[in-house]
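> Coordinates in structure37.pdb, PDB, C-alpha atoms and all ligand atoms, are listed below.
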ATOM      1  CA  MET A 159      13.534  -0.346  24.777
ATOM      2  CA  LEU A 160      12.654  -0.287  21.077
ATOM      3  CA  TYR A 161      10.713   2.741  19.878
ATOM      4  CA  ILE A 162       8.951   2.628  16.520
ATOM      5  CA  GLY A 163       6.590   5.224  15.114
ATOM      6  CA  LEU A 164       4.092   5.805  12.360
ATOM      7  CA  ILE A 165       3.941   9.247  10.777
ATOM      8  CA  GLY A 166       1.104  10.400   8.567
ATOM      9  CA  PHE A 167      -1.920  12.637   8.433
ATOM     10  CA  PRO A 168      -4.422  11.459   9.505
ATOM     11  CA  VAL A 169      -3.332   8.374  11.490
ATOM     12  CA  LYS A 170      -6.061   8.206  14.154
ATOM     13  CA  HIS A 171      -7.768   5.192  12.627
ATOM     14  CA  SER A 172      -4.607   3.250  11.800
ATOM     15  CA  VAL A 173      -4.550  -0.346  13.000
ATOM     16  CA  SER A 174      -0.748  -0.525  12.674
ATOM     17  CA  PRO A 175      -0.088   0.220  16.376
ATOM     18  CA  ALA A 176      -2.342  -2.683  17.430
ATOM     19  CA  MET A 177      -0.753  -4.976  14.837
ATOM     20  CA  HIS A 178       2.879  -4.161  15.683
ATOM     21  CA  ASN A 179       2.438  -4.010  19.449
ATOM     22  CA  ALA A 180       0.883  -7.492  19.330
ATOM     23  CA  ALA A 181       3.842  -8.745  17.273
ATOM     24  CA  LEU A 182       6.380  -7.148  19.656
ATOM     25  CA  LYS A 183       4.695  -8.768  22.650
ATOM     26  CA  ASP A 184       4.486 -12.132  20.909
ATOM     27  CA  ALA A 185       8.184 -11.993  19.950
ATOM     28  CA  GLY A 186       9.157 -11.056  23.525
ATOM     29  CA  ILE A 187      10.678  -7.773  22.403
ATOM     30  CA  GLU A 188      10.488  -4.884  24.838
ATOM     31  CA  GLY A 189       9.245  -2.106  22.638
ATOM     32  CA  ILE A 190       6.392   0.127  21.619
ATOM     33  CA  TYR A 191       4.876   1.296  18.318
ATOM     34  CA  LEU A 192       3.156   4.684  18.396
ATOM     35  CA  ALA A 193       1.258   6.687  15.778
ATOM     36  CA  PHE A 194       1.960  10.392  15.298
ATOM     37  CA  GLU A 195      -0.050  12.890  13.314
ATOM     38  CA  VAL A 196       2.451  15.168  11.581
ATOM     39  CA  LYS A 197       1.619  18.403   9.768
ATOM     40  CA  PRO A 198       3.027  18.405   6.210
ATOM     41  CA  ASP A 199       5.496  21.250   6.857
ATOM     42  CA  GLU A 200       6.845  19.395   9.926
ATOM     43  CA  LEU A 201       7.931  16.249   8.074
ATOM     44  CA  ARG A 202      11.671  16.923   8.282
ATOM     45  CA  ASN A 203      11.450  17.824  11.992
ATOM     46  CA  ALA A 204       9.417  14.684  12.667
ATOM     47  CA  VAL A 205      11.888  12.342  10.923
ATOM     48  CA  PHE A 206      15.045  13.827  12.451
ATOM     49  CA  GLY A 207      13.316  14.414  15.783
ATOM     50  CA  ALA A 208      12.397  10.735  16.026
ATOM     51  CA  LYS A 209      15.988   9.817  15.124
ATOM     52  CA  ALA A 210      17.319  12.163  17.808
ATOM     53  CA  LEU A 211      14.983  10.622  20.367
ATOM     54  CA  GLY A 212      16.433   7.196  19.621
ATOM     55  CA  PHE A 213      13.587   5.707  17.618
ATOM     56  CA  LYS A 214      14.710   2.624  15.669
ATOM     57  CA  GLY A 215      12.320   3.140  12.792
ATOM     58  CA  LEU A 216       9.238   4.677  11.274
ATOM     59  CA  ASN A 217       6.375   3.658   9.089
ATOM     60  CA  VAL A 218       5.332   6.387   6.705
ATOM     61  CA  THR A 219       1.838   6.789   5.353
ATOM     62  CA  ILE A 220      -0.349   9.305   3.494
ATOM     63  CA  PRO A 221       0.685  11.993   2.568
ATOM     64  CA  PHE A 222       4.441  11.467   3.154
ATOM     65  CA  LYS A 223       5.415   8.291   1.259
ATOM     66  CA  GLU A 224       6.819  10.281  -1.661
ATOM     67  CA  SER A 225       8.057  13.448   0.063
ATOM     68  CA  VAL A 226      10.091  11.520   2.664
ATOM     69  CA  VAL A 227      12.465  10.118  -0.001
ATOM     70  CA  GLU A 228      14.696  13.205   0.216
ATOM     71  CA  PHE A 229      15.757  12.345   3.789
ATOM     72  CA  VAL A 230      16.857   8.733   3.309
ATOM     73  CA  GLU A 231      18.925   6.456   1.114
ATOM     74  CA  LEU A 232      16.512   4.398  -0.991
ATOM     75  CA  LYS A 233      16.855   0.611  -1.039
ATOM     76  CA  GLY A 234      15.343  -2.004  -3.373
ATOM     77  CA  GLU A 235      11.722  -1.395  -4.334
ATOM     78  CA  ALA A 236      11.775   2.048  -2.668
ATOM     79  CA  ALA A 237      14.394   3.144  -5.204
ATOM     80  CA  LYS A 238      12.406   1.687  -8.105
ATOM     81  CA  ILE A 239       9.225   3.668  -7.383
ATOM     82  CA  ARG A 240      10.704   6.450  -5.231
ATOM     83  CA  THR A 241       8.141   5.713  -2.521
ATOM     84  CA  VAL A 242       8.950   4.820   1.082
ATOM     85  CA  ASN A 243       6.728   3.287   3.747
ATOM     86  CA  THR A 244       9.406   2.040   6.169
ATOM     87  CA  ILE A 245      12.510   3.793   7.491
ATOM     88  CA  ASP A 246      15.461   2.436   9.438
ATOM     89  CA  LEU A 247      16.352   5.597  11.385
ATOM     90  CA  VAL A 248      19.702   4.245  12.577
ATOM     91  CA  GLU A 249      20.985   3.772   9.020
ATOM     92  CA  MET A 250      18.637   6.384   7.471
ATOM     93  CA  ILE A 251      17.531   3.879   4.835
ATOM     94  CA  GLY A 252      14.100   4.000   3.196
ATOM     95  CA  TYR A 253      12.372   0.765   2.198
ATOM     96  CA  ASN A 254       9.117  -0.002   0.450
ATOM     97  CA  THR A 255       7.489  -3.033   2.024
ATOM     98  CA  ASP A 256       4.144  -2.366   0.289
ATOM     99  CA  VAL A 257       5.477  -4.095  -2.833
ATOM    100  CA  TYR A 258       6.284  -7.192  -0.766
ATOM    101  CA  GLY A 259       2.858  -6.846   0.889
ATOM    102  CA  VAL A 260       1.076  -6.915  -2.466
ATOM    103  CA  LYS A 261       3.125  -9.892  -3.673
ATOM    104  CA  ALA A 262       2.373 -11.835  -0.491
ATOM    105  CA  ALA A 263      -1.328 -10.915  -0.685
ATOM    106  CA  LEU A 264      -1.517 -12.128  -4.297
ATOM    107  CA  ALA A 265       0.688 -15.217  -3.790
ATOM    108  CA  GLY A 266      -0.963 -18.374  -5.030
ATOM    109  CA  ASN A 267      -2.473 -16.631  -8.050
ATOM    110  CA  ASP A 268      -0.736 -17.230 -11.362
ATOM    111  CA  LEU A 269      -0.225 -13.708 -12.673
ATOM    112  CA  GLU A 270       2.200 -14.547 -15.455
ATOM    113  CA  GLY A 271       0.982 -13.136 -18.769
ATOM    114  CA  LYS A 272      -2.159 -11.627 -17.241
ATOM    115  CA  THR A 273      -3.451  -8.121 -17.913
ATOM    116  CA  ALA A 274      -3.973  -6.086 -14.756
ATOM    117  CA  LEU A 275      -5.738  -2.753 -14.434
ATOM    118  CA  VAL A 276      -4.439  -0.757 -11.473
ATOM    119  CA  VAL A 277      -6.522   2.297 -10.558
ATOM    120  CA  GLY A 278      -4.543   4.939  -8.678
ATOM    121  CA  ALA A 279      -0.993   6.235  -9.116
ATOM    122  CA  GLY A 280      -0.119   7.205  -5.538
ATOM    123  CA  GLY A 281       2.097   5.157  -3.235
ATOM    124  CA  ALA A 282      -0.283   2.197  -3.159
ATOM    125  CA  GLY A 283      -0.858   2.254  -6.933
ATOM    126  CA  LYS A 284       2.846   2.300  -7.766
ATOM    127  CA  ALA A 285       3.565  -0.485  -5.268
ATOM    128  CA  ALA A 286       0.752  -2.649  -6.659
ATOM    129  CA  ALA A 287       1.834  -1.983 -10.245
ATOM    130  CA  LEU A 288       5.479  -2.886  -9.535
ATOM    131  CA  ALA A 289       4.456  -6.070  -7.709
ATOM    132  CA  LEU A 290       2.256  -7.148 -10.637
ATOM    133  CA  LEU A 291       4.956  -6.352 -13.209
ATOM    134  CA  GLU A 292       7.475  -8.391 -11.224
ATOM    135  CA  MET A 293       4.936 -11.238 -11.044
ATOM    136  CA  GLY A 294       4.759 -11.255 -14.847
ATOM    137  CA  SER A 295       1.592  -9.291 -15.583
ATOM    138  CA  THR A 296       1.114  -6.483 -18.052
ATOM    139  CA  VAL A 297      -0.108  -3.410 -16.166
ATOM    140  CA  ILE A 298      -2.548  -0.779 -17.348
ATOM    141  CA  LEU A 299      -2.359   2.111 -14.902
ATOM    142  CA  ALA A 300      -5.402   4.380 -14.761
ATOM    143  CA  ASN A 301      -5.423   7.589 -12.798
ATOM    144  CA  ARG A 302      -7.723  10.564 -12.370
ATOM    145  CA  THR A 303      -4.862  13.033 -12.846
ATOM    146  CA  GLU A 304      -3.229  12.164 -16.146
ATOM    147  CA  SER A 305       0.153  13.811 -15.486
ATOM    148  CA  LYS A 306       0.644  11.867 -12.248
ATOM    149  CA  GLY A 307      -0.371   8.614 -13.931
ATOM    150  CA  ARG A 308       2.024   9.155 -16.838
ATOM    151  CA  GLU A 309       4.859  10.041 -14.479
ATOM    152  CA  ALA A 310       4.326   6.777 -12.577
ATOM    153  CA  VAL A 311       4.244   4.779 -15.818
ATOM    154  CA  GLU A 312       7.551   6.346 -16.925
ATOM    155  CA  MET A 313       9.128   4.909 -13.757
ATOM    156  CA  LEU A 314       7.381   1.538 -13.919
ATOM    157  CA  ARG A 315       8.098   0.812 -17.600
ATOM    158  CA  LYS A 316      11.651  -0.200 -16.682
ATOM    159  CA  TYR A 317      10.285  -3.232 -14.846
ATOM    160  CA  GLY A 318       7.819  -4.645 -17.365
ATOM    161  CA  GLU A 319       5.065  -3.802 -19.815
ATOM    162  CA  CYS A 320       3.161  -0.863 -18.382
ATOM    163  CA  ILE A 321       0.922   1.704 -20.071
ATOM    164  CA  PHE A 322      -1.178   4.650 -18.931
ATOM    165  CA  TRP A 323      -4.948   4.748 -19.477
ATOM    166  CA  PRO A 324      -7.235   7.698 -18.660
ATOM    167  CA  LEU A 325      -9.635   6.849 -15.822
ATOM    168  CA  ASN A 326     -12.617   8.328 -17.662
ATOM    169  CA  ARG A 327     -12.096   5.834 -20.516
ATOM    170  CA  VAL A 328     -11.714   2.576 -18.543
ATOM    171  CA  GLU A 329     -15.046   1.327 -19.890
ATOM    172  CA  GLU A 330     -13.268   0.696 -23.200
ATOM    173  CA  LEU A 331     -11.206  -1.993 -21.430
ATOM    174  CA  LYS A 332     -14.288  -4.187 -20.869
ATOM    175  CA  GLY A 333     -13.460  -7.853 -21.545
ATOM    176  CA  LYS A 334      -9.711  -7.156 -21.722
ATOM    177  CA  ILE A 335      -8.831  -7.258 -18.014
ATOM    178  CA  ASP A 336      -7.887 -10.353 -15.961
ATOM    179  CA  VAL A 337      -6.995  -8.588 -12.721
ATOM    180  CA  LEU A 338      -8.324  -5.370 -11.200
ATOM    181  CA  VAL A 339      -6.669  -3.489  -8.339
ATOM    182  CA  ASN A 340      -8.147  -0.502  -6.520
ATOM    183  CA  ALA A 341      -5.380   1.743  -5.186
ATOM    184  CA  THR A 342      -7.558   4.807  -4.587
ATOM    185  CA  PRO A 343      -9.304   5.647  -1.290
ATOM    186  CA  LEU A 344     -12.723   5.122  -2.906
ATOM    187  CA  GLY A 345     -14.716   2.738  -0.723
ATOM    188  CA  MET A 346     -12.705   3.520   2.418
ATOM    189  CA  SER A 347     -14.770   4.321   5.493
ATOM    190  CA  GLY A 348     -15.134   8.086   5.701
ATOM    191  CA  PHE A 349     -14.692   8.381   1.922
ATOM    192  CA  LYS A 350     -17.215   8.013  -0.893
ATOM    193  CA  ALA A 351     -18.755   4.510  -0.905
ATOM    194  CA  GLU A 352     -18.123   4.324  -4.633
ATOM    195  CA  LEU A 353     -16.502   1.857  -7.002
ATOM    196  CA  PRO A 354     -13.345   3.107  -8.722
ATOM    197  CA  VAL A 355     -14.631   1.747 -12.075
ATOM    198  CA  PRO A 356     -18.050   1.136 -13.662
ATOM    199  CA  PRO A 357     -19.419  -2.154 -12.209
ATOM    200  CA  SER A 358     -19.857  -3.744 -15.652
ATOM    201  CA  LEU A 359     -16.056  -3.679 -16.097
ATOM    202  CA  LEU A 360     -15.880  -6.481 -13.512
ATOM    203  CA  ASP A 361     -17.592  -9.008 -15.786
ATOM    204  CA  GLY A 362     -15.014 -11.569 -16.831
ATOM    205  CA  VAL A 363     -12.349 -10.300 -14.412
ATOM    206  CA  GLU A 364     -10.723 -13.257 -12.601
ATOM    207  CA  LEU A 365      -9.261 -11.529  -9.593
ATOM    208  CA  VAL A 366     -10.111  -8.315  -7.768
ATOM    209  CA  PHE A 367      -7.796  -6.863  -5.118
ATOM    210  CA  ASP A 368      -8.782  -3.828  -3.063
ATOM    211  CA  THR A 369      -5.957  -2.095  -1.185
ATOM    212  CA  VAL A 370      -8.639  -0.503   1.023
ATOM    213  CA  TYR A 371      -8.961  -2.584   4.208
ATOM    214  CA  ASN A 372     -11.510  -0.592   6.201
ATOM    215  CA  PRO A 373     -14.155  -1.861   5.699
ATOM    216  CA  MET A 374     -13.031  -5.370   4.674
ATOM    217  CA  ASN A 375     -16.007  -5.686   2.349
ATOM    218  CA  THR A 376     -15.671  -2.523   0.303
ATOM    219  CA  PRO A 377     -18.286  -1.713  -2.360
ATOM    220  CA  LEU A 378     -15.785  -3.026  -4.946
ATOM    221  CA  ILE A 379     -15.222  -6.333  -3.105
ATOM    222  CA  LEU A 380     -18.996  -6.836  -2.709
ATOM    223  CA  GLU A 381     -19.664  -6.116  -6.383
ATOM    224  CA  ALA A 382     -16.786  -8.396  -7.415
ATOM    225  CA  LYS A 383     -18.179 -11.267  -5.344
ATOM    226  CA  ARG A 384     -21.631 -10.707  -6.849
ATOM    227  CA  ARG A 385     -20.143 -11.015 -10.330
ATOM    228  CA  GLY A 386     -18.203 -14.177  -9.493
ATOM    229  CA  CYS A 387     -14.669 -12.729  -9.310
ATOM    230  CA  ARG A 388     -12.094 -14.086  -6.871
ATOM    231  CA  VAL A 389     -11.255 -11.423  -4.276
ATOM    232  CA  VAL A 390      -8.223 -10.499  -2.194
ATOM    233  CA  TYR A 391      -8.774  -8.233   0.803
ATOM    234  CA  GLY A 392      -6.675  -5.176   1.607
ATOM    235  CA  ILE A 393      -5.936  -6.528   5.076
ATOM    236  CA  GLU A 394      -3.600  -9.100   3.477
ATOM    237  CA  MET A 395      -1.376  -6.369   2.040
ATOM    238  CA  LEU A 396      -1.505  -4.476   5.338
ATOM    239  CA  VAL A 397      -0.442  -7.468   7.393
ATOM    240  CA  HIS A 398       2.363  -8.566   5.065
ATOM    241  CA  GLN A 399       3.834  -5.081   4.559
ATOM    242  CA  GLY A 400       3.773  -4.769   8.345
ATOM    243  CA  ALA A 401       5.482  -8.120   8.856
ATOM    244  CA  LYS A 402       8.302  -7.148   6.491
ATOM    245  CA  ALA A 403       8.755  -3.767   8.197
ATOM    246  CA  PHE A 404       8.858  -5.501  11.590
ATOM    247  CA  GLU A 405      11.608  -7.773  10.302
ATOM    248  CA  ILE A 406      13.618  -4.774   9.047
ATOM    249  CA  TRP A 407      13.506  -3.074  12.447
ATOM    250  CA  THR A 408      13.937  -6.103  14.710
ATOM    251  CA  GLY A 409      15.645  -8.788  12.621
ATOM    252  CA  VAL A 410      12.854 -11.115  13.756
ATOM    253  CA  LYS A 411      10.219 -12.669  11.478
ATOM    254  CA  PRO A 412       6.929 -11.988  13.269
ATOM    255  CA  ASP A 413       3.958 -14.330  13.497
ATOM    256  CA  VAL A 414       1.744 -13.092  10.665
ATOM    257  CA  GLU A 415      -1.322 -14.757  12.217
ATOM    258  CA  ILE A 416      -0.871 -12.737  15.413
ATOM    259  CA  MET A 417      -0.588  -9.550  13.350
ATOM    260  CA  ARG A 418      -3.690 -10.383  11.282
ATOM    261  CA  GLU A 419      -5.749 -11.157  14.382
ATOM    262  CA  ALA A 420      -4.674  -7.920  16.093
ATOM    263  CA  ALA A 421      -5.417  -5.879  12.949
ATOM    264  CA  LEU A 422      -8.860  -7.459  12.565
ATOM    265  CA  LYS A 423      -9.653  -6.893  16.234
ATOM    266  CA  ALA A 424      -8.642  -3.231  15.956
ATOM    267  CA  LEU A 425     -10.739  -2.857  12.806
ATOM    268  CA  ARG A 426     -13.787  -4.207  14.598
ATOM    269  CA  GLY A 427     -13.128  -1.535  17.243
TER     270      GLY A 427
HETATM  271  P1  LIG B 501      -1.686   6.178  -1.402
HETATM  272  O1  LIG B 501      -0.370   6.379  -0.748
HETATM  273  O2  LIG B 501      -2.660   5.393  -0.549
HETATM  274  O3  LIG B 501      -1.599   5.604  -2.749
HETATM  275  P2  LIG B 501      -2.076   8.833  -2.491
HETATM  276  O4  LIG B 501      -0.633   8.929  -2.802
HETATM  277  O5  LIG B 501      -2.771  10.018  -1.884
HETATM  278  O6  LIG B 501      -2.370   7.629  -1.487
HETATM  279  O7  LIG B 501      -2.825   8.389  -3.829
HETATM  280  C1  LIG B 501      -4.211   8.322  -3.918
HETATM  281  C2  LIG B 501      -4.629   7.889  -5.321
HETATM  282  O8  LIG B 501      -6.044   7.810  -5.347
HETATM  283  C3  LIG B 501      -4.238   8.865  -6.407
HETATM  284  O9  LIG B 501      -3.948   8.144  -7.572
HETATM  285  C4  LIG B 501      -5.515   9.703  -6.577
HETATM  286  O10 LIG B 501      -5.677  10.245  -7.873
HETATM  287  P3  LIG B 501      -5.023  11.683  -8.274
HETATM  288  O11 LIG B 501      -3.613  11.386  -8.687
HETATM  289  O12 LIG B 501      -5.858  12.153  -9.398
HETATM  290  O13 LIG B 501      -5.125  12.559  -7.061
HETATM  291  C5  LIG B 501      -6.567   8.651  -6.371
HETATM  292  N1  LIG B 501      -7.847   9.225  -5.948
HETATM  293  C6  LIG B 501      -8.107   9.872  -4.794
HETATM  294  N2  LIG B 501      -9.416  10.240  -4.744
HETATM  295  C7  LIG B 501      -9.969   9.818  -5.911
HETATM  296  C8  LIG B 501     -11.273   9.899  -6.470
HETATM  297  N3  LIG B 501     -12.281  10.498  -5.817
HETATM  298  N4  LIG B 501     -11.486   9.355  -7.700
HETATM  299  C9  LIG B 501     -10.463   8.771  -8.368
HETATM  300  N5  LIG B 501      -9.205   8.658  -7.889
HETATM  301  C10 LIG B 501      -8.965   9.175  -6.684
END
Represent the structure contained in this file as structure tokens.
Ligand code: ATR

Amino acid sequence: MLYIGLIGFPVKHSVSPAMHNAALKDAGIEGIYLAFEVKPDELRNAVFGAKALGFKGLNVTIPFKESVVEFVELKGEAAKIRTVNTIDLVEMIGYNTDVYGVKAALAGNDLEGKTALVVGAGGAGKAAALALLEMGSTVILANRTESKGREAVEMLRKYGECIFWPLNRVEELKGKIDVLVNATPLGMSGFKAELPVPPSLLDGVELVFDTVYNPMNTPLILEAKRRGCRVVYGIEMLVHQGAKAFEIWTGVKPDVEIMREAALKALRG
């Protein structure tokens, strides 16, 4: 029996259990994926407790993606941005499949030489920025808290052209952006139904990607469509990061369609 868990706070509304359990069933693997709400000061106990109980792996979400790095050996993208969303508990290795998720979500768009504005410098923002840098874009990272934004840029600069920009001055970037990514919770159900940037900044932007997937049509996605931008939904990143994590734990490439369908069904409630 394969046990996999998700740790975060909150995790009640996560669609990952539905997505992974559907993939396990489809692949004929006897296993279960469960979500656990963990208090911040219990993170260490949760990680080592799950290992002791024989769990194969964990997904890690808000607010633990950065704090969990001290318990695992970082591999690949996780080492580059010191952010982990997937753990192999047998080997105690931390991976970041969000970067892969963003690349897969944006596949088919030529991002070479483009200028991308990424809003948010948390786990999602760093993953999106690294993916875009590795796809050949220049990244402007804007964040509400300047120190956190600058710290992220220091890390990301090793992988391409990346600069920090204060969030309260993004209006000055009007006409200079090809790609816009929201990596803040703004627009998420239960959060403020606000855009992360002034709407007029969207004029002339080719591609808008919102990492928020609930609702699918966030205020940003709706405004982007209205202004004629191409859009990529957050669900694409969710499904592809999940597929890569599934492969890490099971060695099996899951059916992404099955995962997408299960995630969408869970989102609809
Ligand atoms: P995740 O792992 O999803 O990226 P996170 O690490 O909590 O989550 O990061 C959330 C990001 O959204 C941060 O960049 C945060 O900005 P701060 O660094 O200033 O906290 C940003 N964010 C959250 N609420 C915001 C708001 N109301 N306006 C602007 N940015 C916000």
> Any chance you could work out the residue set of the PyMOL selection byres (((not hetatm)) within 6 of (chain B and resi 501)) here, as a PDB file with C-alpha atoms, in the coordinates of the input?

ATOM      1  CA  ILE A 220      -0.349   9.305   3.494  1.00  0.00           C
ATOM      2  CA  PRO A 221       0.685  11.993   2.568  1.00  0.00           C
ATOM      3  CA  GLY A 278      -4.543   4.939  -8.678  1.00  0.00           C
ATOM      4  CA  ALA A 279      -0.993   6.235  -9.116  1.00  0.00           C
ATOM      5  CA  GLY A 280      -0.119   7.205  -5.538  1.00  0.00           C
ATOM      6  CA  GLY A 281       2.097   5.157  -3.235  1.00  0.00           C
ATOM      7  CA  ALA A 282      -0.283   2.197  -3.159  1.00  0.00           C
ATOM      8  CA  GLY A 283      -0.858   2.254  -6.933  1.00  0.00           C
ATOM      9  CA  ASN A 301      -5.423   7.589 -12.798  1.00  0.00           C
ATOM     10  CA  ARG A 302      -7.723  10.564 -12.370  1.00  0.00           C
ATOM     11  CA  THR A 303      -4.862  13.033 -12.846  1.00  0.00           C
ATOM     12  CA  LYS A 306       0.644  11.867 -12.248  1.00  0.00           C
ATOM     13  CA  ALA A 341      -5.380   1.743  -5.186  1.00  0.00           C
ATOM     14  CA  THR A 342      -7.558   4.807  -4.587  1.00  0.00           C
ATOM     15  CA  PRO A 343      -9.304   5.647  -1.290  1.00  0.00           C
TER      16      PRO A 343
END
> Could you spell out the hits of the PyMOL selection byres (((chain A and resi 358-370) around 7) and not hetatm) on the shown file, as JSON, numbers by chain?
{"A": [329, 332, 333, 335, 336, 337, 338, 339, 340, 341, 343, 346, 355, 356, 357, 371, 372, 379, 382, 385, 387, 388, 389, 390, 391, 392]}
> Applied to this file, what does the PyMOL selection byres (((chain A and resi 171) around 12) and not hetatm) return in terms of residues, put as a PDB file with C-alpha atoms, in the frame of the given file?

ATOM      1  CA  LEU A 164       4.092   5.805  12.360  1.00  0.00           C
ATOM      2  CA  GLY A 166       1.104  10.400   8.567  1.00  0.00           C
ATOM      3  CA  PHE A 167      -1.920  12.637   8.433  1.00  0.00           C
ATOM      4  CA  PRO A 168      -4.422  11.459   9.505  1.00  0.00           C
ATOM      5  CA  VAL A 169      -3.332   8.374  11.490  1.00  0.00           C
ATOM      6  CA  LYS A 170      -6.061   8.206  14.154  1.00  0.00           C
ATOM      7  CA  SER A 172      -4.607   3.250  11.800  1.00  0.00           C
ATOM      8  CA  VAL A 173      -4.550  -0.346  13.000  1.00  0.00           C
ATOM      9  CA  SER A 174      -0.748  -0.525  12.674  1.00  0.00           C
ATOM     10  CA  PRO A 175      -0.088   0.220  16.376  1.00  0.00           C
ATOM     11  CA  ALA A 176      -2.342  -2.683  17.430  1.00  0.00           C
ATOM     12  CA  ALA A 193       1.258   6.687  15.778  1.00  0.00           C
ATOM     13  CA  PHE A 194       1.960  10.392  15.298  1.00  0.00           C
ATOM     14  CA  GLU A 195      -0.050  12.890  13.314  1.00  0.00           C
ATOM     15  CA  MET A 346     -12.705   3.520   2.418  1.00  0.00           C
ATOM     16  CA  SER A 347     -14.770   4.321   5.493  1.00  0.00           C
ATOM     17  CA  GLY A 348     -15.134   8.086   5.701  1.00  0.00           C
ATOM     18  CA  TYR A 371      -8.961  -2.584   4.208  1.00  0.00           C
ATOM     19  CA  ASN A 372     -11.510  -0.592   6.201  1.00  0.00           C
ATOM     20  CA  PRO A 373     -14.155  -1.861   5.699  1.00  0.00           C
ATOM     21  CA  ALA A 421      -5.417  -5.879  12.949  1.00  0.00           C
ATOM     22  CA  ALA A 424      -8.642  -3.231  15.956  1.00  0.00           C
ATOM     23  CA  LEU A 425     -10.739  -2.857  12.806  1.00  0.00           C
ATOM     24  CA  ARG A 426     -13.787  -4.207  14.598  1.00  0.00           C
ATOM     25  CA  GLY A 427     -13.128  -1.535  17.243  1.00  0.00           C
TER      26      GLY A 427
END
> Rank A:Asn179, A:Asn326, A:Ser305, A:Asn217 by their smallest atom-to-atom distance to Ile251 in chain A, using all atoms listed in the file, and report the top residue only.
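The shortest atom-to-atom distance to Ile251 in chain A comes from A:Asn217.
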> For CA of Leu288 in chain A and CA of Asp246 in chain A, quote the distance in Å rounded to one decimal.
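Separating CA of Leu288 in chain A from CA of Asp246 in chain A is a distance of 22.1 Å.
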> From the options A:Val230, A:Trp323, A:Leu160, A:Asn375, which residue's atoms come nearest to Ala310 in chain A, counting only C-alpha atoms?
A:Trp323
> Quick one: which range 169-247 of chain A residues come within 7 Å of range 410-417 of chain A, and what is the nearest atom pair for each with the distance in Å to one decimal, counting only C-alpha atoms, rows ordered by chain and ascending number, as a Markdown table?

| residue | atom | partner | partner_atom | distance |
| --- | --- | --- | --- | --- |
| A:Met177 | CA | A:Met417 | CA | 4.8 |
| A:His178 | CA | A:Met417 | CA | 6.8 |
| A:Ala180 | CA | A:Met417 | CA | 6.5 |
| A:Ala181 | CA | A:Met417 | CA | 6.0 |
| A:Ala185 | CA | A:Pro412 | CA | 6.8 |
> Rank A:Arg418, A:Lys423, A:Lys383, A:Lys209 by their smallest atom-to-atom distance to Ile245 in chain A, using all atoms listed in the file, and report the top residue only.
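Checking each candidate against Ile245 in chain A, we get A:Lys209 as the closest.
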> With a distance cut-off of 6 Å and only C-alpha atoms, select the neighbouring residues of range 397-407 of chain A, excluding the residue or stretch itself and same-chain residues fewer than 6 positions from it, and output the selection as a list in words.
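Skipping anything fewer than 6 positions along the chain leaves Thr255, Asp256, Gly259 and Arg418 of chain A.
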> Have a look at A:Glu231, A:Glu188, A:Glu292, A:Glu200 and name the one nearest to Ile165 in chain A; count all atoms listed in the file.
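The closest residue to Ile165 in chain A is A:Glu200.
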> Some atoms are absent from range 222-232 of chain A, so rebuild N, CA and C atoms and return them as a short mmCIF file (atom, residue, chain, number, x, y, z; two decimals), keeping the file's coordinate frame.

data_model
loop_
_atom_site.label_atom_id
_atom_site.label_comp_id
_atom_site.auth_asym_id
_atom_site.auth_seq_id
_atom_site.Cartn_x
_atom_site.Cartn_y
_atom_site.Cartn_z
N PHE A 222 2.99 11.27 3.14
CA PHE A 222 4.44 11.47 3.15
C PHE A 222 5.28 10.43 2.40
N LYS A 223 4.64 9.40 1.84
CA LYS A 223 5.42 8.29 1.26
C LYS A 223 6.37 8.75 0.15
N GLU A 224 5.97 9.80 -0.57
CA GLU A 224 6.82 10.28 -1.66
C GLU A 224 7.75 11.41 -1.20
N SER A 225 7.24 12.30 -0.35
CA SER A 225 8.06 13.45 0.06
C SER A 225 9.20 13.05 1.00
N VAL A 226 9.07 11.92 1.69
CA VAL A 226 10.09 11.52 2.66
C VAL A 226 11.36 10.99 1.99
N VAL A 227 11.30 10.73 0.68
CA VAL A 227 12.46 10.12 0.00
C VAL A 227 13.72 11.01 0.08
N GLU A 228 13.52 12.30 0.21
CA GLU A 228 14.70 13.20 0.22
C GLU A 228 15.55 13.08 1.49
N PHE A 229 15.02 12.42 2.52
CA PHE A 229 15.76 12.34 3.79
C PHE A 229 16.51 11.03 3.99
N VAL A 230 16.30 10.08 3.09
CA VAL A 230 16.86 8.73 3.31
C VAL A 230 17.53 8.20 2.05
N GLU A 231 18.35 7.16 2.26
CA GLU A 231 18.92 6.46 1.11
C GLU A 231 17.91 5.38 0.71
N LEU A 232 17.57 5.33 -0.57
CA LEU A 232 16.51 4.40 -0.99
C LEU A 232 17.09 3.02 -1.31
#
